[in-house]
$ cat input-v4.cif   # mmCIF, C-alpha atoms and all ligand atoms
data_final
loop_
_atom_site.label_atom_id
_atom_site.label_comp_id
_atom_site.auth_asym_id
_atom_site.auth_seq_id
_atom_site.Cartn_x
_atom_site.Cartn_y
_atom_site.Cartn_z
CA MET A 614 71.79 138.89 85.61
CA SER A 615 71.86 136.60 88.57
CA ASP A 616 74.25 135.76 91.38
CA TYR A 617 75.71 132.37 92.21
CA LEU A 618 74.61 129.52 94.38
CA TRP A 619 77.55 129.13 96.75
CA PHE A 620 78.28 125.58 97.83
CA ASP A 621 81.25 124.72 100.02
CA GLY A 622 83.07 127.85 98.86
CA ILE A 623 82.41 127.20 95.17
CA PRO A 624 80.21 129.57 93.10
CA LEU A 625 77.78 127.61 90.93
CA PRO A 626 75.18 128.74 88.37
CA SER A 627 71.94 129.74 90.08
CA VAL A 628 69.66 127.43 88.10
CA TRP A 629 69.71 123.63 87.93
CA PHE A 630 71.53 123.29 91.28
CA GLU A 631 70.26 122.58 94.77
CA LYS A 632 72.32 122.32 97.92
CA GLU A 633 70.58 119.14 99.03
CA ILE A 634 71.35 117.40 95.76
CA LEU A 635 74.92 118.62 95.78
CA LYS A 636 75.35 117.09 99.23
CA ASN A 637 73.89 113.82 97.98
CA VAL A 638 76.16 113.83 94.94
CA CYS A 639 79.20 114.21 97.14
CA ASP A 640 78.27 111.83 99.96
CA LYS A 641 75.78 109.29 98.63
CA PHE A 642 75.95 108.98 94.85
CA VAL A 643 77.37 105.60 93.92
CA ILE A 644 79.72 105.67 90.96
CA ARG A 645 79.78 102.23 89.33
CA ASP A 646 82.89 100.51 88.00
CA GLU A 647 81.40 100.46 84.50
CA ASP A 648 80.68 104.24 84.39
CA THR A 649 82.59 106.70 82.20
CA VAL A 650 82.96 110.25 83.47
CA ILE A 651 83.84 113.30 81.40
CA LEU A 652 85.33 115.87 83.69
CA THR A 653 86.35 119.40 82.85
CA TYR A 654 86.58 122.93 84.09
CA PRO A 655 83.87 124.73 82.04
CA LYS A 656 84.82 125.95 78.56
CA SER A 657 87.61 123.41 78.11
CA GLY A 658 85.92 121.39 75.36
CA THR A 659 83.40 119.42 77.44
CA HIS A 660 80.74 119.17 74.74
CA TRP A 661 83.30 118.21 72.13
CA LEU A 662 84.49 115.33 74.27
CA VAL A 663 80.95 114.18 75.10
CA GLU A 664 80.10 114.19 71.39
CA THR A 665 83.27 112.23 70.62
CA VAL A 666 82.65 109.60 73.30
CA CYS A 667 79.00 109.19 72.20
CA LEU A 668 80.16 108.67 68.62
CA ILE A 669 82.77 106.16 69.75
CA GLN A 670 80.03 104.26 71.56
CA SER A 671 77.82 104.29 68.46
CA LYS A 672 80.79 103.37 66.22
CA GLY A 673 80.43 106.59 64.26
CA ASP A 674 76.69 106.26 63.64
CA PRO A 675 75.29 109.81 64.09
CA ASN A 676 71.75 108.67 64.90
CA TRP A 677 72.12 108.98 68.65
CA ILE A 678 73.86 112.39 68.69
CA GLN A 679 71.27 113.76 66.27
CA SER A 680 68.22 112.55 68.17
CA GLU A 681 68.95 113.03 71.89
CA PRO A 682 70.13 116.26 73.55
CA ILE A 683 73.71 116.16 74.74
CA TRP A 684 72.72 116.70 78.39
CA GLU A 685 70.49 113.61 78.24
CA ARG A 686 73.14 111.44 76.63
CA SER A 687 75.70 112.34 79.28
CA PRO A 688 73.88 114.07 82.14
CA TRP A 689 75.58 116.54 84.46
CA ILE A 690 75.78 114.71 87.77
CA GLU A 691 75.64 117.92 89.83
CA GLY A 692 72.44 119.26 88.22
CA GLN A 693 69.00 118.36 89.62
CA ARG A 694 67.85 116.89 86.35
CA GLY A 695 71.05 115.04 85.56
CA TYR A 696 71.26 113.62 89.06
CA GLN A 697 67.70 112.22 88.86
CA LYS A 698 68.35 110.74 85.46
CA LEU A 699 71.59 109.12 86.55
CA ILE A 700 70.35 107.55 89.78
CA ASN A 701 67.52 105.94 87.83
CA LYS A 702 69.65 104.67 84.98
CA GLU A 703 70.70 101.05 84.90
CA GLY A 704 73.89 99.72 83.35
CA PRO A 705 77.00 101.65 82.33
CA ARG A 706 76.47 105.39 82.42
CA LEU A 707 78.08 108.28 80.63
CA ILE A 708 78.38 111.09 83.16
CA THR A 709 79.51 114.69 82.73
CA SER A 710 80.76 116.92 85.51
CA HIS A 711 82.56 120.17 86.18
CA LEU A 712 82.81 119.51 89.91
CA PRO A 713 86.06 120.19 91.70
CA LEU A 714 87.70 117.07 93.09
CA HIS A 715 86.64 117.68 96.70
CA LEU A 716 82.95 117.82 95.73
CA PHE A 717 82.98 114.80 93.41
CA PRO A 718 81.23 111.62 94.68
CA LYS A 719 83.40 110.00 97.32
CA SER A 720 82.48 106.58 95.92
CA PHE A 721 84.55 107.32 92.82
CA PHE A 722 87.82 107.09 94.72
CA SER A 723 87.38 103.39 95.42
CA SER A 724 85.82 102.54 92.05
CA LYS A 725 87.23 101.48 88.69
CA ALA A 726 85.04 103.98 86.80
CA LYS A 727 86.95 105.74 84.04
CA VAL A 728 87.47 109.48 84.12
CA ILE A 729 88.58 111.54 81.15
CA TYR A 730 89.79 114.96 82.25
CA VAL A 731 90.34 117.63 79.60
CA ILE A 732 92.49 120.69 80.21
CA ARG A 733 92.74 123.76 77.99
CA ASN A 734 94.92 126.85 78.04
CA PRO A 735 93.27 128.80 80.86
CA ARG A 736 93.70 132.02 78.87
CA ASP A 737 91.40 130.57 76.20
CA VAL A 738 89.12 129.16 78.90
CA LEU A 739 88.86 132.68 80.30
CA VAL A 740 87.98 134.27 76.96
CA SER A 741 85.55 131.51 76.03
CA GLY A 742 83.93 131.80 79.47
CA TYR A 743 83.64 135.56 79.22
CA PHE A 744 81.72 135.40 75.94
CA PHE A 745 79.58 132.49 77.09
CA TRP A 746 78.63 133.47 80.64
CA SER A 747 77.98 137.12 79.65
CA LYS A 748 75.06 135.87 77.57
CA THR A 749 73.53 133.64 80.20
CA LYS A 750 71.11 134.62 82.92
CA PHE A 751 72.26 132.14 85.54
CA VAL A 752 75.60 133.54 86.66
CA LYS A 753 76.86 136.97 87.60
CA ASN A 754 77.46 138.79 84.30
CA PRO A 755 80.70 140.73 83.95
CA GLU A 756 80.40 144.15 82.35
CA SER A 757 83.74 143.79 80.56
CA LEU A 758 86.54 141.36 79.87
CA THR A 759 88.68 143.34 82.31
CA THR A 760 86.19 142.62 85.10
CA TYR A 761 85.93 138.95 84.15
CA PHE A 762 89.74 138.71 84.00
CA GLU A 763 89.93 139.85 87.63
CA TRP A 764 87.14 137.51 88.74
CA PHE A 765 88.80 134.59 86.96
CA LEU A 766 92.15 135.09 88.67
CA LYS A 767 90.40 135.21 92.04
CA GLY A 768 88.25 132.17 91.28
CA ASN A 769 85.03 134.19 91.53
CA VAL A 770 83.51 132.60 88.43
CA ALA A 771 81.31 129.57 87.83
CA TYR A 772 82.92 126.46 89.41
CA GLY A 773 85.60 128.50 91.16
CA SER A 774 89.30 128.72 90.49
CA TRP A 775 90.66 127.11 87.32
CA PHE A 776 94.00 126.75 89.09
CA GLU A 777 92.59 124.85 92.06
CA HIS A 778 90.32 122.71 89.89
CA THR A 779 93.19 121.72 87.64
CA ARG A 780 95.77 121.19 90.39
CA ALA A 781 93.43 118.94 92.32
CA TRP A 782 92.27 116.79 89.40
CA LEU A 783 95.80 116.48 88.01
CA SER A 784 96.79 114.80 91.25
CA MET A 785 94.84 111.79 89.93
CA ARG A 786 96.73 111.59 86.64
CA LYS A 787 98.83 108.52 87.45
CA ARG A 788 95.79 106.34 88.11
CA ASP A 789 94.97 103.68 85.53
CA ASN A 790 91.35 104.79 85.39
CA PHE A 791 92.23 108.43 84.64
CA LEU A 792 92.94 109.77 81.15
CA LEU A 793 94.34 113.27 80.81
CA LEU A 794 93.66 115.02 77.52
CA SER A 795 94.10 118.58 76.35
CA TYR A 796 91.96 120.67 74.04
CA GLU A 797 95.17 121.60 72.25
CA ASP A 798 96.06 117.96 71.47
CA MET A 799 92.48 117.33 70.42
CA LYS A 800 92.79 120.21 67.96
CA LYS A 801 96.30 119.39 66.71
CA ASP A 802 95.74 115.69 66.21
CA THR A 803 92.09 114.81 66.61
CA LYS A 804 92.48 111.34 65.12
CA SER A 805 95.22 110.27 67.55
CA THR A 806 93.20 111.65 70.44
CA ILE A 807 90.17 109.61 69.39
CA GLU A 808 92.40 106.52 69.19
CA LYS A 809 93.72 107.28 72.67
CA ILE A 810 90.17 107.52 74.01
CA CYS A 811 89.25 104.24 72.28
CA ASP A 812 92.23 102.49 73.89
CA PHE A 813 91.34 103.88 77.29
CA LEU A 814 87.70 102.79 76.96
CA GLY A 815 88.61 99.43 75.47
CA LYS A 816 86.82 100.13 72.17
CA LYS A 817 88.00 99.18 68.73
CA LEU A 818 86.89 101.12 65.67
CA GLU A 819 87.29 100.23 62.01
CA THR A 820 88.87 102.91 59.81
CA ASN A 821 85.54 103.97 58.33
CA GLU A 822 83.99 104.18 61.80
CA LEU A 823 86.84 106.37 63.02
CA ASP A 824 86.33 108.62 60.00
CA MET A 825 82.67 109.00 60.93
CA VAL A 826 83.58 109.90 64.52
CA LEU A 827 85.93 112.56 63.15
CA LYS A 828 83.34 113.87 60.74
CA TYR A 829 80.43 114.17 63.18
CA SER A 830 82.47 115.55 66.08
CA SER A 831 83.97 118.34 63.98
CA PHE A 832 83.33 121.95 64.94
CA HIS A 833 81.21 122.44 61.83
CA SER A 834 79.02 119.35 62.40
CA MET A 835 78.49 120.13 66.06
CA LYS A 836 77.59 123.73 65.31
CA GLU A 837 74.89 122.45 62.97
CA ASN A 838 73.62 119.80 65.36
CA ASN A 839 70.78 121.24 67.45
CA MET A 840 71.07 118.31 69.85
CA SER A 841 74.60 119.43 70.74
CA ASN A 842 74.90 123.19 70.20
CA ILE A 843 72.52 124.13 73.07
CA SER A 844 70.78 126.58 70.74
CA PHE A 845 67.43 125.93 72.31
CA LEU A 846 67.97 127.21 75.85
CA PRO A 847 64.82 129.04 77.03
CA GLU A 848 64.72 132.86 76.91
CA ASP A 849 64.78 133.20 80.67
CA MET A 850 68.19 131.54 80.72
CA ALA A 851 70.00 132.91 77.71
CA SER A 852 70.31 136.31 76.03
CA ASP A 853 70.47 136.79 72.29
CA GLY A 854 73.85 135.84 70.96
CA LEU A 855 74.61 132.94 73.30
CA VAL A 856 76.78 130.60 71.27
CA LEU A 857 78.44 127.45 72.55
CA LEU A 858 80.48 126.76 69.42
CA ARG A 859 81.96 130.23 69.14
CA LYS A 860 85.40 130.01 67.47
CA GLY A 861 86.81 126.64 68.44
CA MET A 862 90.42 127.74 68.10
CA MET A 863 93.63 127.79 70.11
CA GLY A 864 95.13 131.07 71.20
CA ASP A 865 92.12 133.34 70.78
CA TRP A 866 93.20 135.00 74.04
CA LYS A 867 95.87 136.82 72.02
CA ASN A 868 93.08 138.74 70.31
CA HIS A 869 91.65 139.88 73.64
CA PHE A 870 94.31 140.24 76.35
CA THR A 871 96.29 143.45 76.70
CA VAL A 872 100.07 143.08 77.05
CA ALA A 873 99.72 143.91 80.74
CA GLN A 874 97.01 141.26 81.23
CA ALA A 875 99.16 138.67 79.46
CA GLU A 876 102.04 139.45 81.83
CA VAL A 877 99.88 139.30 84.93
CA PHE A 878 98.40 136.00 83.77
CA ASP A 879 101.85 134.49 83.13
CA LYS A 880 102.96 135.42 86.62
CA VAL A 881 99.87 134.00 88.31
CA PHE A 882 100.10 130.82 86.21
CA GLN A 883 103.75 130.26 87.18
CA GLU A 884 103.00 130.78 90.85
CA LYS A 885 99.86 128.72 91.06
CA MET A 886 100.91 125.85 88.82
CA ALA A 887 104.48 125.51 90.09
CA GLY A 888 105.69 121.97 90.64
CA PHE A 889 104.14 120.19 87.66
CA PRO A 890 106.56 118.52 85.23
CA SER A 891 107.30 120.48 82.07
CA GLY A 892 105.25 119.29 79.15
CA ILE A 893 102.07 118.62 81.06
CA PHE A 894 100.55 121.88 79.80
CA PRO A 895 100.92 121.74 76.00
CA TRP A 896 100.23 125.45 75.56
CA GLU A 897 103.11 126.67 77.80
P1 LIG A 901 85.37 128.88 72.17
O1 LIG A 901 84.43 129.69 72.99
O2 LIG A 901 86.80 129.30 72.38
O3 LIG A 901 85.00 128.83 70.74
P2 LIG A 901 82.67 123.61 76.77
O4 LIG A 901 82.02 122.56 75.96
O5 LIG A 901 83.55 123.08 77.84
O6 LIG A 901 81.67 124.61 77.27
O7 LIG A 901 83.69 124.38 75.82
C1 LIG A 901 83.24 125.23 74.79
C2 LIG A 901 84.43 125.56 73.91
O8 LIG A 901 84.76 124.38 73.16
C3 LIG A 901 84.10 126.66 72.91
O9 LIG A 901 85.31 127.38 72.72
C4 LIG A 901 83.71 125.83 71.69
O10 LIG A 901 83.80 126.52 70.47
C5 LIG A 901 84.73 124.70 71.77
N1 LIG A 901 84.28 123.53 70.99
C6 LIG A 901 83.12 122.84 71.11
N2 LIG A 901 83.05 121.87 70.19
C7 LIG A 901 84.19 121.92 69.48
C8 LIG A 901 84.71 121.18 68.38
N3 LIG A 901 84.03 120.18 67.82
N4 LIG A 901 85.93 121.51 67.91
C9 LIG A 901 86.64 122.52 68.46
N5 LIG A 901 86.20 123.27 69.50
C10 LIG A 901 84.99 122.98 70.00
#
$ encode --input "input-v4.cif" --output "structure tokens"
Amino acid sequence: MSDYLWFDGIPLPSVWFEKEILKNVCDKFVIRDEDTVILTYPKSGTHWLVETVCLIQSKGDPNWIQSEPIWERSPWIEGQRGYQKLINKEGPRLITSHLPLHLFPKSFFSSKAKVIYVIRNPRDVLVSGYFFWSKTKFVKNPESLTTYFEWFLKGNVAYGSWFEHTRAWLSMRKRDNFLLLSYEDMKKDTKSTIEKICDFLGKKLETNELDMVLKYSSFHSMKENNMSNISFLPEDMASDGLVLLRKGMMGDWKNHFTVAQAEVFDKVFQEKMAGFPSGIFPWE
């Protein structure tokens, strides 16, 4: 059990992050027009999207995703290791981040780099996060789902408030270089979502290539792929039972929330997410 590294009011995992680097990411890191950024609040389907985009780039050939760890293929910009890798990489980069908008590199806002932002029902994000973070040794571990539920609503969890993260990033949704996806749409119609990503990235896949992307980005394939399922985190970081690809379903929160929790969550959601057009959140 460990506490957070607090940076500009945001709690971050206590390993992999350094305040100096975080400052550099925000103020100095130069996002290039040809970069592609995968942005999410944690537990929204980040790894699934990274895997999908890598497979689109390789035209469905699984060689790359089966030979290089996912965090090397699309490094986390805010982590020490990812930051070093990215500043030294030439050409178009695939970048992953969970940073809230106000901590993201300022250079992005005047660039043509493409951002894909994935949202997921925050109730499922909460449950997924509870099971994941409880088994890691780099954030404060909740003793129960009830405790984590309270922390989540207050934003006292890794990367801060889901509501603030989502509100802020959604303010970018009308930009041409911003693609908004949802975990729910990815689940309901994976093929159309892949086609949407291809259009956004200006890639064209043949039917057989698209089938390969579908095949190798499936829950089952990713769970088997040791380069993507983060099964080899060292013992000082993860407890037994840490699983990234846990259930991969929509609505698992219904198996975990009490009726009272569901009501409280609904109320907070309505208050905090007021003002967005209906239909933007496919789970509501
Ligand atoms: P669950 O814990 O609900 O199963 P992230 O990558 O942002 O950490 O998100 C992890 C969540 O995405 C987990 O949710 C995981 O199972 C789900 N996920 C990862 N790959 C997936 C895939 N190929 N298909 C469906 N869900 C996937």
$ residues_near_ligand --input "input-v4.cif" --ligand "ligand LIG 901 (chain A)" --cutoff "10 Å" --atoms "all atoms listed in the file" --output "MDAnalysis selection string"
chainID A and resid 652:665 711 731:733 736:746 796:797 799:800 803 827:836 841:842 856:866
$ closest_residue --input "input-v4.cif" --among "A:Leu707, A:Leu823, A:Ile651, A:Cys667" --to "Lys804 (chain A)" --atoms "all atoms listed in the file"
A:Leu823
$ closest_residue --input "input-v4.cif" --among "A:Ala851, A:Leu716, A:Ala873, A:Val728" --to "Asn754 (chain A)" --atoms "all atoms listed in the file"
A:Ala851
$ closest_residue --input "input-v4.cif" --among "A:Asn701, A:Thr709, A:Ser627, A:Gln883" --to "Val752 (chain A)" --atoms "all atoms listed in the file"
A:Ser627
$ residues_around --input "input-v4.cif" --residues "Glu681 (chain A)" --least-positions-apart "2" --cutoff "12 Å" --atoms "only C-alpha atoms" --output "PyMOL selection string"
chain A and resi 664+667+675-679+683-688+838-843
$ decode --input "input-v4.cif" --residues "region 684-695 of chain A" --atoms "all heavy atoms" --output "CSV table (one decimal), in the first residue's frame"
chain,number,residue,atom,x,y,z
A,684,TRP,N,3.4,-0.7,-23.5
A,684,TRP,CA,3.8,0.6,-23.0
A,684,TRP,C,5.1,1.1,-23.8
A,684,TRP,O,5.5,2.2,-23.6
A,684,TRP,CB,4.1,0.6,-21.5
A,684,TRP,CG,5.1,-0.4,-21.1
A,684,TRP,CD1,6.5,-0.3,-21.1
A,684,TRP,CD2,4.8,-1.7,-20.5
A,684,TRP,NE1,7.1,-1.5,-20.6
A,684,TRP,CE2,6.1,-2.3,-20.2
A,684,TRP,CE3,3.7,-2.4,-20.2
A,684,TRP,CZ2,6.2,-3.6,-19.7
A,684,TRP,CZ3,3.8,-3.7,-19.6
A,684,TRP,CH2,5.0,-4.3,-19.4
A,685,GLU,N,5.7,0.2,-24.6
A,685,GLU,CA,6.8,0.7,-25.5
A,685,GLU,C,6.2,1.1,-26.8
A,685,GLU,O,6.7,2.0,-27.5
A,685,GLU,CB,7.8,-0.5,-25.7
A,685,GLU,CG,8.4,-1.0,-24.5
A,685,GLU,CD,9.5,-0.2,-23.9
A,685,GLU,OE1,10.0,0.8,-24.6
A,685,GLU,OE2,10.0,-0.4,-22.8
A,686,ARG,N,5.2,0.4,-27.2
A,686,ARG,CA,4.6,0.8,-28.5
A,686,ARG,C,3.9,2.1,-28.5
A,686,ARG,O,4.0,2.9,-29.4
A,686,ARG,CB,3.5,-0.3,-28.9
A,686,ARG,CG,4.0,-1.6,-29.4
A,686,ARG,CD,2.9,-2.5,-29.8
A,686,ARG,NE,2.7,-3.5,-28.8
A,686,ARG,CZ,1.5,-3.9,-28.3
A,686,ARG,NH1,0.4,-3.3,-28.8
A,686,ARG,NH2,1.3,-4.8,-27.4
A,687,SER,N,3.2,2.4,-27.4
A,687,SER,CA,2.6,3.7,-27.2
A,687,SER,C,2.8,4.2,-25.8
A,687,SER,O,2.0,4.0,-24.9
A,687,SER,CB,1.1,3.5,-27.5
A,687,SER,OG,0.4,4.8,-27.4
A,688,PRO,N,4.0,4.8,-25.6
A,688,PRO,CA,4.4,5.1,-24.2
A,688,PRO,C,3.5,6.2,-23.6
A,688,PRO,O,2.9,7.0,-24.2
A,688,PRO,CB,5.8,5.7,-24.4
A,688,PRO,CG,6.3,5.2,-25.8
A,688,PRO,CD,5.0,5.1,-26.6
A,689,TRP,N,3.4,6.0,-22.2
A,689,TRP,CA,2.7,7.0,-21.4
A,689,TRP,C,3.5,8.3,-21.3
A,689,TRP,O,4.6,8.2,-20.8
A,689,TRP,CB,2.4,6.5,-20.0
A,689,TRP,CG,1.0,5.9,-19.9
A,689,TRP,CD1,0.0,6.5,-19.3
A,689,TRP,CD2,0.5,4.6,-20.3
A,689,TRP,NE1,-1.1,5.7,-19.3
A,689,TRP,CE2,-0.8,4.6,-20.0
A,689,TRP,CE3,1.1,3.5,-21.0
A,689,TRP,CZ2,-1.6,3.5,-20.2
A,689,TRP,CZ3,0.3,2.5,-21.3
A,689,TRP,CH2,-1.1,2.4,-20.9
A,690,ILE,N,3.0,9.4,-21.8
A,690,ILE,CA,3.8,10.6,-21.9
A,690,ILE,C,4.2,11.1,-20.5
A,690,ILE,O,5.2,11.7,-20.3
A,690,ILE,CB,3.0,11.7,-22.7
A,690,ILE,CG1,3.9,12.8,-23.0
A,690,ILE,CG2,1.9,12.2,-21.9
A,690,ILE,CD1,3.2,13.8,-23.9
A,691,GLU,N,3.3,10.8,-19.5
A,691,GLU,CA,3.5,11.4,-18.2
A,691,GLU,C,4.5,10.6,-17.3
A,691,GLU,O,4.9,11.0,-16.2
A,691,GLU,CB,2.2,11.6,-17.4
A,691,GLU,CG,1.3,10.4,-17.2
A,691,GLU,CD,0.3,10.2,-18.3
A,691,GLU,OE1,0.5,10.6,-19.5
A,691,GLU,OE2,-0.8,9.7,-18.0
A,692,GLY,N,4.8,9.4,-17.7
A,692,GLY,CA,5.7,8.5,-16.9
A,692,GLY,C,7.2,8.8,-17.3
A,692,GLY,O,7.4,9.2,-18.4
A,693,GLN,N,8.1,8.6,-16.3
A,693,GLN,CA,9.5,8.9,-16.6
A,693,GLN,C,10.0,8.2,-17.8
A,693,GLN,O,10.6,8.8,-18.7
A,693,GLN,CB,10.4,8.5,-15.4
A,693,GLN,CG,10.1,9.1,-14.1
A,693,GLN,CD,10.3,8.1,-13.0
A,693,GLN,OE1,10.8,7.0,-13.2
A,693,GLN,NE2,10.0,8.6,-11.8
A,694,ARG,N,9.7,6.9,-17.9
A,694,ARG,CA,10.2,6.1,-18.9
A,694,ARG,C,9.6,6.4,-20.3
A,694,ARG,O,10.3,6.6,-21.3
A,694,ARG,CB,9.9,4.6,-18.6
A,694,ARG,CG,10.7,3.6,-19.3
A,694,ARG,CD,10.1,2.2,-18.9
A,694,ARG,NE,10.4,1.3,-20.0
A,694,ARG,CZ,11.2,0.3,-19.8
A,694,ARG,NH1,11.7,0.0,-18.6
A,694,ARG,NH2,11.4,-0.5,-20.8
A,695,GLY,N,8.3,6.6,-20.3
A,695,GLY,CA,7.6,7.0,-21.5
A,695,GLY,C,8.0,8.3,-22.1
A,695,GLY,O,8.3,8.5,-23.3
